[in-house]
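J.: The file below is entry15.cif, mmCIF, C-alpha atoms and all ligand atoms:
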data_my_file
#
loop_
_atom_site.group_PDB
_atom_site.id
_atom_site.type_symbol
_atom_site.label_atom_id
_atom_site.label_comp_id
_atom_site.auth_asym_id
_atom_site.auth_seq_id
_atom_site.Cartn_x
_atom_site.Cartn_y
_atom_site.Cartn_z
ATOM 1 C CA MET U 1 17.598 22.467 13.527
ATOM 2 C CA ILE U 2 14.472 23.759 11.814
ATOM 3 C CA LYS U 3 15.317 26.957 9.879
ATOM 4 C CA TYR U 4 12.140 27.583 7.897
ATOM 5 C CA HIS U 5 8.841 28.410 9.592
ATOM 6 C CA PRO U 6 5.386 29.607 8.498
ATOM 7 C CA LYS U 7 5.144 33.415 8.397
ATOM 8 C CA GLN U 8 3.476 35.149 11.324
ATOM 9 C CA GLU U 9 0.508 36.128 9.129
ATOM 10 C CA MET U 10 -0.068 32.479 8.212
ATOM 11 C CA LEU U 11 -0.021 31.494 11.900
ATOM 12 C CA LEU U 12 -2.550 34.241 12.606
ATOM 13 C CA LEU U 13 -4.849 33.115 9.784
ATOM 14 C CA HIS U 14 -4.586 29.596 11.164
ATOM 15 C CA ALA U 15 -5.490 30.793 14.672
ATOM 16 C CA GLN U 16 -8.506 32.551 13.123
ATOM 17 C CA GLY U 17 -9.520 29.353 11.344
ATOM 18 C CA GLN U 18 -9.227 31.033 7.940
ATOM 19 C CA LEU U 19 -6.828 28.738 6.095
ATOM 20 C CA HIS U 20 -8.136 26.058 3.757
ATOM 21 C CA LEU U 21 -7.711 22.507 4.968
ATOM 22 C CA GLY U 22 -4.534 21.859 2.951
ATOM 23 C CA LEU U 23 -2.698 24.818 4.504
ATOM 24 C CA ALA U 24 -4.232 24.351 7.950
ATOM 25 C CA ASN U 25 -2.861 20.808 7.997
ATOM 26 C CA ALA U 26 0.563 22.057 6.895
ATOM 27 C CA VAL U 27 0.696 24.564 9.764
ATOM 28 C CA SER U 28 -0.675 22.054 12.310
ATOM 29 C CA ALA U 29 1.836 19.417 11.240
ATOM 30 C CA HIS U 30 4.690 21.961 11.401
ATOM 31 C CA CYS U 31 3.600 22.940 14.912
ATOM 32 C CA GLU U 32 3.761 19.298 15.992
ATOM 33 C CA LEU U 33 7.436 19.346 14.955
ATOM 34 C CA CYS U 34 8.332 22.915 16.036
ATOM 35 C CA ALA U 35 8.009 23.996 19.686
ATOM 36 C CA GLU U 36 8.651 27.642 18.778
ATOM 37 C CA CYS U 37 5.687 27.917 16.374
ATOM 38 C CA ARG U 38 3.519 25.757 18.646
ATOM 39 C CA HIS U 39 4.046 28.354 21.373
ATOM 40 C CA LYS U 40 3.379 31.283 19.004
ATOM 41 C CA LEU U 41 0.201 29.613 17.767
ATOM 42 C CA ASN U 42 -1.032 29.032 21.326
ATOM 43 C CA VAL U 43 -0.517 32.717 22.118
ATOM 44 C CA LEU U 44 -2.294 33.828 18.909
ATOM 45 C CA THR U 45 -5.169 31.400 19.478
ATOM 46 C CA GLU U 46 -5.588 32.769 22.990
ATOM 47 C CA GLN U 47 -5.593 36.364 21.647
ATOM 48 C CA VAL U 48 -8.149 35.512 18.960
ATOM 49 C CA ALA U 49 -10.378 33.879 21.579
ATOM 50 C CA GLN U 50 -10.056 36.889 23.898
ATOM 51 C CA ALA U 51 -10.846 39.347 21.094
ATOM 52 C CA SER U 52 -13.846 37.302 20.100
ATOM 53 C CA LEU U 53 -15.092 37.187 23.691
ATOM 54 C CA VAL U 54 -14.873 40.979 23.936
ATOM 55 C CA ASP U 55 -16.670 41.398 20.586
ATOM 56 C CA ASN U 56 -19.471 39.109 21.632
ATOM 57 C CA ARG U 57 -20.044 40.660 25.031
ATOM 58 C CA PRO U 58 -23.368 42.506 25.208
ATOM 59 C CA SER U 59 -22.365 46.045 26.226
ATOM 60 C CA VAL U 60 -25.040 46.716 28.868
ATOM 61 C CA GLU U 61 -25.136 43.341 30.543
ATOM 62 C CA ALA U 62 -21.390 43.114 30.602
ATOM 63 C CA THR U 63 -21.166 45.930 33.126
ATOM 64 C CA ASN U 64 -23.531 44.037 35.346
ATOM 65 C CA THR U 65 -21.411 41.968 37.728
ATOM 66 C CA GLU U 66 -24.244 39.502 38.065
ATOM 67 C CA MET U 67 -23.770 38.312 34.553
ATOM 68 C CA ASP U 68 -25.448 35.003 34.330
ATOM 69 C CA PHE U 69 -23.195 31.942 34.214
ATOM 70 C CA SER U 70 -25.197 30.398 31.390
ATOM 71 C CA ASP U 71 -24.833 33.603 29.333
ATOM 72 C CA MET U 72 -21.116 33.362 29.784
ATOM 73 C CA MET U 73 -21.105 29.719 28.721
ATOM 74 C CA ASP U 74 -23.180 30.640 25.663
ATOM 75 C CA GLN U 75 -20.548 33.185 24.717
ATOM 76 C CA ILE U 76 -17.748 30.721 25.153
ATOM 77 C CA MET U 77 -19.567 28.021 23.229
ATOM 78 C CA GLY U 78 -20.203 30.537 20.452
ATOM 79 C CA LEU U 79 -16.497 31.125 19.929
ATOM 80 C CA PRO U 80 -14.936 29.820 16.742
ATOM 81 C CA ALA U 81 -13.393 26.412 17.187
ATOM 82 C CA THR U 82 -9.704 26.515 18.010
ATOM 83 C CA PRO U 83 -7.413 24.979 15.415
ATOM 84 C CA GLN U 84 -7.251 21.240 15.656
ATOM 85 C CA THR U 85 -4.508 19.822 17.772
ATOM 86 C CA SER U 86 -6.004 16.338 17.331
ATOM 87 C CA HIS U 87 -4.561 14.911 20.547
ATOM 88 C CA SER U 88 -6.880 11.952 20.202
ATOM 89 C CA THR U 89 -5.739 10.925 16.733
ATOM 90 C CA SER U 90 -2.984 8.370 16.735
ATOM 91 C CA ARG U 91 -0.044 8.793 14.391
ATOM 92 C CA LYS U 92 -0.443 6.695 11.296
ATOM 93 C CA ILE U 93 2.387 4.683 9.755
ATOM 94 C CA VAL U 94 2.644 4.725 5.952
ATOM 95 C CA GLN U 95 4.777 2.514 3.757
ATOM 96 C CA VAL U 96 6.039 3.405 0.304
ATOM 97 C CA ASN U 97 8.632 1.656 -1.893
ATOM 98 C CA GLY U 98 10.079 -0.206 1.075
ATOM 99 C CA TYR U 99 10.334 2.915 3.273
ATOM 100 C CA GLN U 100 8.216 3.357 6.402
ATOM 101 C CA TYR U 101 7.220 6.621 8.083
ATOM 102 C CA GLN U 102 5.128 7.750 11.016
ATOM 103 C CA LEU U 103 2.990 10.756 10.078
ATOM 104 C CA PRO U 104 2.180 13.774 12.251
ATOM 105 C CA ARG U 105 -1.281 13.582 13.831
ATOM 106 C CA ALA U 106 -2.565 16.430 11.639
ATOM 107 C CA LEU U 107 -2.102 14.271 8.513
ATOM 108 C CA SER U 108 -2.835 10.824 9.935
ATOM 109 C CA GLN U 109 -6.592 10.648 9.443
ATOM 110 C CA GLN U 110 -6.485 11.660 5.794
ATOM 111 C CA ALA U 111 -3.639 9.451 4.674
ATOM 112 C CA ASN U 112 -5.734 6.475 3.598
ATOM 113 C CA LYS U 113 -5.400 6.610 -0.198
ATOM 114 C CA SER U 114 -3.057 4.642 -2.415
ATOM 115 C CA TRP U 115 0.262 5.855 -3.814
ATOM 116 C CA SER U 116 0.838 6.763 -7.471
ATOM 117 C CA GLY U 117 4.368 6.682 -8.724
ATOM 118 C CA PHE U 118 6.708 7.603 -11.518
ATOM 119 C CA GLY U 119 10.365 6.578 -11.211
ATOM 120 C CA LYS U 120 11.643 7.481 -7.776
ATOM 121 C CA ILE U 121 8.738 9.845 -7.042
ATOM 122 C CA SER U 122 5.532 8.693 -5.319
ATOM 123 C CA ARG U 123 2.493 10.680 -4.337
ATOM 124 C CA MET U 124 -0.551 10.166 -2.142
ATOM 125 C CA ARG U 125 -3.274 12.750 -2.653
ATOM 126 C CA LEU U 126 -4.805 14.323 0.462
ATOM 127 C CA ASP U 127 -7.742 16.733 0.740
ATOM 128 C CA ALA U 128 -7.025 20.452 0.411
ATOM 129 C CA ASP U 129 -10.683 21.515 0.483
ATOM 130 C CA ASP U 130 -9.978 24.356 -1.933
ATOM 131 C CA ASP U 131 -10.788 24.990 -5.613
ATOM 132 C CA THR U 132 -7.231 25.317 -6.890
ATOM 133 C CA ALA U 133 -4.850 24.064 -4.216
ATOM 134 C CA ARG U 134 -3.786 20.427 -4.144
ATOM 135 C CA ALA U 135 -2.324 18.681 -1.134
ATOM 136 C CA SER U 136 -0.195 15.543 -1.276
ATOM 137 C CA LEU U 137 2.276 13.386 0.517
ATOM 138 C CA LEU U 138 5.296 13.244 -1.731
ATOM 139 C CA HIS U 139 8.022 10.662 -1.390
ATOM 140 C CA ILE U 140 11.344 10.633 -3.206
ATOM 141 C CA ASP U 141 13.501 7.508 -3.053
ATOM 142 C CA ALA U 142 17.189 7.758 -2.188
ATOM 143 C CA ASN U 143 19.231 9.541 -4.874
ATOM 144 C CA GLY U 144 16.070 10.853 -6.529
ATOM 145 C CA GLU U 145 15.420 14.391 -7.720
ATOM 146 C CA ILE U 146 12.696 16.532 -9.209
ATOM 147 C CA PRO U 147 13.790 18.246 -12.439
ATOM 148 C CA GLU U 148 14.395 21.976 -12.270
ATOM 149 C CA HIS U 149 11.084 23.805 -12.156
ATOM 150 C CA THR U 150 9.314 26.951 -11.100
ATOM 151 C CA HIS U 151 5.722 27.567 -10.013
ATOM 152 C CA THR U 152 2.921 29.599 -11.447
ATOM 153 C CA GLY U 153 1.440 29.746 -7.956
ATOM 154 C CA ARG U 154 2.634 29.032 -4.462
ATOM 155 C CA GLU U 155 4.327 25.810 -3.390
ATOM 156 C CA ILE U 156 4.508 24.879 0.269
ATOM 157 C CA THR U 157 6.674 21.948 1.235
ATOM 158 C CA LEU U 158 6.820 20.632 4.769
ATOM 159 C CA LEU U 159 9.629 18.130 5.134
ATOM 160 C CA LEU U 160 8.339 15.327 7.372
ATOM 161 C CA SER U 161 11.192 12.852 7.334
ATOM 162 C CA GLY U 162 14.604 12.385 5.750
ATOM 163 C CA SER U 163 16.386 15.304 4.110
ATOM 164 C CA PHE U 164 16.674 17.053 0.770
ATOM 165 C CA GLU U 165 18.504 19.974 -0.719
ATOM 166 C CA ASP U 166 17.998 22.460 -3.512
ATOM 167 C CA GLU U 167 19.792 25.566 -4.820
ATOM 168 C CA PHE U 168 18.787 27.523 -1.704
ATOM 169 C CA SER U 169 19.483 25.263 1.244
ATOM 170 C CA GLN U 170 19.596 21.867 2.899
ATOM 171 C CA TYR U 171 16.436 20.968 4.765
ATOM 172 C CA VAL U 172 15.669 18.946 7.897
ATOM 173 C CA PRO U 173 12.358 17.495 9.136
ATOM 174 C CA GLY U 174 9.996 20.281 10.212
ATOM 175 C CA ASP U 175 11.288 22.820 7.681
ATOM 176 C CA PHE U 176 8.332 24.693 6.170
ATOM 177 C CA ILE U 177 9.381 25.983 2.760
ATOM 178 C CA GLU U 178 7.302 28.499 0.829
ATOM 179 C CA LEU U 179 8.240 29.200 -2.804
ATOM 180 C CA ASP U 180 6.546 31.093 -5.623
ATOM 181 C CA ALA U 181 7.068 31.956 -9.268
ATOM 182 C CA GLN U 182 10.304 33.814 -8.476
ATOM 183 C CA HIS U 183 11.997 30.645 -7.289
ATOM 184 C CA LYS U 184 13.469 28.056 -9.571
ATOM 185 C CA HIS U 185 14.773 24.902 -7.922
ATOM 186 C CA THR U 186 15.873 21.296 -8.320
ATOM 187 C CA PRO U 187 15.162 19.378 -5.110
ATOM 188 C CA LYS U 188 17.254 16.247 -4.641
ATOM 189 C CA THR U 189 17.661 13.744 -1.838
ATOM 190 C CA THR U 190 20.507 11.416 -0.940
ATOM 191 C CA ASN U 191 18.752 9.198 1.590
ATOM 192 C CA GLY U 192 15.132 9.615 0.532
ATOM 193 C CA CYS U 193 12.508 11.930 1.998
ATOM 194 C CA LEU U 194 8.827 12.289 2.736
ATOM 195 C CA CYS U 195 7.193 15.709 2.345
ATOM 196 C CA TYR U 196 3.732 17.164 2.618
ATOM 197 C CA THR U 197 3.118 19.612 -0.217
ATOM 198 C CA VAL U 198 0.421 22.164 -1.008
ATOM 199 C CA VAL U 199 0.562 23.537 -4.536
ATOM 200 C CA ASP U 200 -1.706 26.221 -6.012
ATOM 201 C CA ALA U 201 -0.979 25.706 -9.691
ATOM 202 C CA PRO U 202 0.891 23.361 -12.027
ATOM 203 C CA LEU U 203 4.667 23.306 -12.129
ATOM 204 C CA HIS U 204 6.598 24.764 -14.989
ATOM 205 C CA PHE U 205 9.700 22.816 -15.973
ATOM 206 C CA THR U 206 12.533 25.075 -16.972
ATOM 207 C CA LYS U 207 14.858 22.600 -18.660
ATOM 208 C CA GLY U 208 14.566 19.688 -21.040
ATOM 209 C CA ILE U 209 11.452 18.885 -22.971
ATOM 210 C CA SER U 210 8.524 19.748 -20.740
ATOM 211 C CA LYS U 211 6.301 17.194 -22.404
ATOM 212 C CA LEU U 212 8.546 14.354 -21.291
ATOM 213 C CA LEU U 213 8.353 15.654 -17.737
ATOM 214 C CA ASN U 214 4.583 15.929 -17.710
ATOM 215 C CA PRO U 215 4.033 12.670 -15.806
ATOM 216 C CA ILE U 216 6.188 14.099 -13.004
ATOM 217 C CA GLY U 217 4.328 17.407 -13.166
ATOM 218 C CA GLU U 218 1.035 15.549 -12.881
ATOM 219 C CA LEU U 219 2.270 13.748 -9.801
ATOM 220 C CA ILE U 220 3.545 16.828 -8.044
ATOM 221 C CA TYR U 221 0.626 19.176 -8.676
HETATM 222 ZN ZN ZN F 301 8.253 26.748 13.355
#
Will you turn the file into structure tokens for me?

T.:
Amino acid sequence: MIKYHPKQEMLLLHAQGQLHLGLANAVSAHCELCAECRHKLNVLTEQVAQASLVDNRPSVEATNTEMDFSDMMDQIMGLPATPQTSHSTSRKIVQVNGYQYQLPRALSQQANKSWSGFGKISRMRLDADDDTARASLLHIDANGEIPEHTHTGREITLLLSGSFEDEFSQYVPGDFIELDAQHKHTPKTTNGCLCYTVVDAPLHFTKGISKLLNPIGELIY
């Protein structure tokens, strides 16, 4: 069962269309996997649309019951676009190191780049549409791990397939994990896993000789 969800404020920002693409895709993909957040997001999106309709209503004309149908349509068309649910996009299948995965719709269109790899870790860069954040698909082969590290910024990991564990918990597909500089962890996987990650700043390795781990750091940020 999914235990980790985006915070309410992140869902609200998503409903308002205020998240950068990397985060918006993380929330959309989570909502494809999580009925609870999908419902919350629908409610918030509805509230945002209602609030916007009230804001846009011309005060005098609005009291007039003969408000013109075309005026009303103009108001509706002027509303901010609702977050993408991308019903029309089919779910892409990606292959990496002999593993095969079907992606959520929210990530399918973008996932057309090649993989870079180092050891058991592979990465495909996706667009974050932000100055500092970087979005990626990250794959770890069975029995792989990422050396203990912390973050100078925020790290969001959405587990898409497989499972992994760290010092805090064991994770299942759909888990939306948000960590910052206060968290130090060593993710490892027994059967392999595919994640979508959004990272604000480079990783900081806390053990071993950081220089030797730089290729991994490069892949993950
Ligand atoms: Zn959720």

J.: Quick check on the file I pasted: which residues fall under the PyMOL selection byres (((not hetatm)) within 10 of (chain F and resi 301))? Write them as a list of chain:residue names.

T.: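 Answer for the PyMOL selection byres (((not hetatm)) within 10 of (chain F and resi 301)): U:Ile2, U:Lys3, U:Tyr4, U:His5, U:Pro6, U:Lys7, U:Gln8, U:Leu11, U:Val27, U:Ala29, U:His30, U:Cys31, U:Glu32, U:Leu33, U:Cys34, U:Ala35, U:Glu36, U:Cys37, U:Arg38, U:His39, U:Lys40, U:Leu41, U:Gly174, U:Asp175, U:Phe176.
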
J.: Dump C-alpha atoms for the selected residues as a compact mmCIF listing (two decimals), in the frame of the given file?

T.:
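Result file follows (selection.txt):
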# COMPACT_ATOMS: atom_id res chain seq x y z
CA ILE U 2 14.47 23.76 11.81
CA LYS U 3 15.32 26.96 9.88
CA TYR U 4 12.14 27.58 7.90
CA HIS U 5 8.84 28.41 9.59
CA PRO U 6 5.39 29.61 8.50
CA LYS U 7 5.14 33.42 8.40
CA GLN U 8 3.48 35.15 11.32
CA LEU U 11 -0.02 31.49 11.90
CA VAL U 27 0.70 24.56 9.76
CA ALA U 29 1.84 19.42 11.24
CA HIS U 30 4.69 21.96 11.40
CA CYS U 31 3.60 22.94 14.91
CA GLU U 32 3.76 19.30 15.99
CA LEU U 33 7.44 19.35 14.96
CA CYS U 34 8.33 22.92 16.04
CA ALA U 35 8.01 24.00 19.69
CA GLU U 36 8.65 27.64 18.78
CA CYS U 37 5.69 27.92 16.37
CA ARG U 38 3.52 25.76 18.65
CA HIS U 39 4.05 28.35 21.37
CA LYS U 40 3.38 31.28 19.00
CA LEU U 41 0.20 29.61 17.77
CA GLY U 174 10.00 20.28 10.21
CA ASP U 175 11.29 22.82 7.68
CA PHE U 176 8.33 24.69 6.17

J.: Output the residue selection produced by the PyMOL selection byres (((chain U and resi 142) around 7) and not hetatm) on the file above, formatted as a compact mmCIF listing (two decimals) with C-alpha atoms, in the frame of the given file.

T.:
# COMPACT_ATOMS: atom_id res chain seq x y z
CA ILE U 140 11.34 10.63 -3.21
CA ASP U 141 13.50 7.51 -3.05
CA ASN U 143 19.23 9.54 -4.87
CA GLY U 144 16.07 10.85 -6.53
CA THR U 189 17.66 13.74 -1.84
CA THR U 190 20.51 11.42 -0.94
CA ASN U 191 18.75 9.20 1.59
CA GLY U 192 15.13 9.62 0.53

J.: Expanded to explicit residues, what is the PyMOL selection byres (((chain U and resi 148) around 9) and not hetatm) for this file, as a list in words?

T.: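 In the shown coordinates, the PyMOL selection byres (((chain U and resi 148) around 9) and not hetatm) covers Glu145, Ile146, Pro147, His149, Thr150, Lys184, His185, Thr186, Pro187, His204, Phe205, Thr206 and Lys207 of chain U.
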
J.: With distances taken over all atoms listed in the file, which of U:Ser163, U:Ser114, U:Gln16, U:Asn214 is nearest to Thr45 of chain U?

T.: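 When distances to Thr45 of chain U are compared using all atoms listed in the file, the smallest one comes from U:Gln16.
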
J.: For Tyr196 of chain U, please output as a CSV table (one decimal) with C-alpha atoms, in the frame of the given file all residues within 8 Å (counting all atoms listed in the file; exclusion window: fewer than 6 positions along the same chain).

T.:
chain,number,residue,atom,x,y,z
U,26,ALA,CA,0.6,22.1,6.9
U,135,ALA,CA,-2.3,18.7,-1.1
U,136,SER,CA,-0.2,15.5,-1.3
U,137,LEU,CA,2.3,13.4,0.5
U,138,LEU,CA,5.3,13.2,-1.7
U,157,THR,CA,6.7,21.9,1.2
U,158,LEU,CA,6.8,20.6,4.8
U,159,LEU,CA,9.6,18.1,5.1
U,160,LEU,CA,8.3,15.3,7.4

J.: Which polymer residues have any atom within 10 Å of an atom of Leu23 of chain U, counting only C-alpha atoms, with same-chain residues fewer than 6 positions away left out, as a list in words?

T.: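 What passes the distance filter is Met10, His14, Ala29, Ala128, Asp129, Asp130, Ala133, Arg134, Ala135, Ile156, Thr197, Val198 and Val199 of chain U.
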
J.: Mind giving me the straight-line distance from atom CA of Leu44 of chain U to atom CA of Leu12 of chain U in Å, one decimal?

T.: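 It comes out at 6.3 Å.
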
J.: So which one's closest to Thr132 of chain U, U:Arg105, U:Arg154, U:Lys120, U:Lys113? Using only C-alpha atoms, please.

T.: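 Comparing U:Arg105, U:Arg154, U:Lys120, U:Lys113 against Thr132 of chain U, the winner is U:Arg154.
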
J.: Given all atoms listed in the file as the basis, pick out the residue of U:Ala106, U:Ala15, U:Ala49, U:Val172 nearest to Ser28 of chain U.

T.: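 Closest to Ser28 of chain U, using all atoms listed in the file: U:Ala106.
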